[in-house]
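Down below is the structure, laid out as structure tokens.
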Amino acid sequence: MTRGVSGGAFAVALLAVAAGAALLAAGAWLAPLSAADNAVRDGRLSDGLALYRTAEARLARLPALGQIAPKLLADVQSSQVRILYDLERYDEAIEKANASVNAHGTHFWSGCALFARASAEERQDARLEWFERAQAEFRAALEAQPGDFDTKFNYELTHSLLNRLREAPETPRRLLFELLRPQAPRSGGTAQPRRTG
């Protein structure tokens, strides 16, 4: 006597096969993400950037995925901004951040790119504007992730530098970071006697 498979068991088996096939397809579809992570880990930043762009294009084709896993798109975009910063392609990093979702990493790396642009700027008015924008990005990153030490440090550094720069706007670029050093109090004009031995 042979036993047949009941309709319920067959439906469960079919569902399990369909779920497995869907997981395999999703894994293959998201393969550029792991390949991008591996490329960055191996120091192949340009390859990683291209793979993250491929992954972002795939994610953009499924808007529902943004509802299911909103952090995934934010991580892919902030990874691109970070790589562009590491490659010293600051304008592209800023542009990419402006076109990305609102996330801590995107704001943080955009702030770093803006800070780098400000540090390299010779014109005083433009330098001040770049630093103000960097401060705003670090503030937004801090609001998104208040406990992040690196973000706090960068925000406070930018804030202090901006305050000092407003006091001494003619500071040449090469002396910019001297503004952050503690200033010795100025005395009545007489120097301490020199001791010799």
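Identifiers for the structure tokens are assigned positionally: chains receive A, B, ... in sequence, residues are indexed from 1 per chain, and ligands are indexed from 1 in the order shown.
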
key: Neighbour list for Arg127 in chain A as a VMD selection string, cut-off 12 Å, only C-alpha atoms, skip fewer than 4 positions in-chain   = chain A and resid 114 to 123 131 to 134 161 to 162 165 to 166 169 to 173 176

task = For Asn98 in chain A, please output as a ChimeraX atom specification all residues within 10 Å (counting only C-alpha atoms; exclusion window: fewer than 6 positions along the same chain).
result = /A:81,92,106-107,110

Just write the chosen residues, C-alpha atoms, as a PDB file, in the first residue's frame.
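Below is the file selection_19.pdb, written as the result:
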```
ATOM      1  CA  VAL A  81      30.173  59.464   0.271  1.00  0.00           C
ATOM      2  CA  GLU A  92      31.524  64.691  -5.622  1.00  0.00           C
ATOM      3  CA  THR A 106      25.943  60.700   4.959  1.00  0.00           C
ATOM      4  CA  HIS A 107      25.986  63.872   7.067  1.00  0.00           C
ATOM      5  CA  SER A 110      29.718  65.221   3.903  1.00  0.00           C
TER       6      SER A 110
END
```

Can I get the residues of range 23-136 of chain A within 7 Å of range 142-158 of chain A, each with the closest pair of atoms and their distance in Å to one decimal, using only C-alpha atoms, sorted chain first then ascending number, as CSV?
```
residue,atom,partner,partner_atom,distance
A:Ala103,CA,A:Ala144,CA,6.7
A:His104,CA,A:Ala144,CA,5.3
A:Phe108,CA,A:Thr151,CA,6.7
A:Phe131,CA,A:Thr158,CA,6.8
A:Gln135,CA,A:Thr158,CA,5.8
```

So that I can check the surroundings of Tyr85 in chain A, please list as a PDB file with N, CA and C atoms, in the first residue's frame every protein, DNA and RNA residue that reaches within 7 Å of it, counting only C-alpha atoms and ignoring chain neighbours fewer than 4 positions away.
```pdb
ATOM      1  N   VAL A  81      29.661  58.150  -0.153  1.00  0.00           N
ATOM      2  CA  VAL A  81      30.173  59.464   0.271  1.00  0.00           C
ATOM      3  C   VAL A  81      31.517  59.284   0.973  1.00  0.00           C
ATOM      4  N   ARG A  89      37.829  63.277  -3.470  1.00  0.00           N
ATOM      5  CA  ARG A  89      36.921  63.831  -4.476  1.00  0.00           C
ATOM      6  C   ARG A  89      35.795  64.530  -3.710  1.00  0.00           C
ATOM      7  N   TYR A  90      36.180  65.626  -3.052  1.00  0.00           N
ATOM      8  CA  TYR A  90      35.302  66.285  -2.084  1.00  0.00           C
ATOM      9  C   TYR A  90      34.028  66.840  -2.698  1.00  0.00           C
ATOM     10  N   ALA A  93      31.685  64.064  -3.270  1.00  0.00           N
ATOM     11  CA  ALA A  93      31.161  63.558  -1.997  1.00  0.00           C
ATOM     12  C   ALA A  93      30.034  64.454  -1.498  1.00  0.00           C
ATOM     13  N   TRP A 109      30.173  62.163   6.679  1.00  0.00           N
ATOM     14  CA  TRP A 109      31.200  62.187   5.627  1.00  0.00           C
ATOM     15  C   TRP A 109      31.089  63.435   4.766  1.00  0.00           C
ATOM     16  N   ALA A 113      34.063  66.178   4.129  1.00  0.00           N
ATOM     17  CA  ALA A 113      34.425  66.700   2.807  1.00  0.00           C
ATOM     18  C   ALA A 113      34.358  68.228   2.792  1.00  0.00           C
TER      19      ALA A 113
END
```

Counting only C-alpha atoms, the option among A:Glu88, A:Ala99, A:Ile83, A:Ala140 closest to Arg41 in chain A = A:Ile83

task = Measuring atom to atom with only C-alpha atoms, identify which of A:Arg53, A:Arg58, A:His159, A:Arg164 is nearest to Gln80 in chain A.
result =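 Closest residue, counting only C-alpha atoms: A:Arg53.
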
ask   = How many Å lie between CA of Leu62 in chain A and CA of Gly48 in chain A, rounded to one decimal?
value =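 Pair CA of Leu62 in chain A / CA of Gly48 in chain A returns 21.7 Å.
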
request  = May I ask for the distance between CA of Asp42 in chain A and CA of Leu73 in chain A, given in Å to one decimal place?
outcome  =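 Interatomic distance, CA of Asp42 in chain A to CA of Leu73 in chain A: 22.4 Å.
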
ask   = Smallest atom-to-atom distance to Glu167 in chain A: which of A:Ala55, A:Ala69, A:Ala35, A:Leu179, using only C-alpha atoms?
value =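 Ranked by minimum distance to Glu167 in chain A, first place goes to A:Leu179.
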
request  = Have a look at A:Ser46, A:Ser100, A:Gln124, A:Gln67 and name the one nearest to Leu87 in chain A; count only C-alpha atoms.
outcome  = A:Ser46

remark   = Residue with the minimum atom-to-atom distance to Gln77 in chain A, picked from A:Thr54, A:Ala141, A:Val101, A:Ala60 with only C-alpha atoms counted, is A:Val101
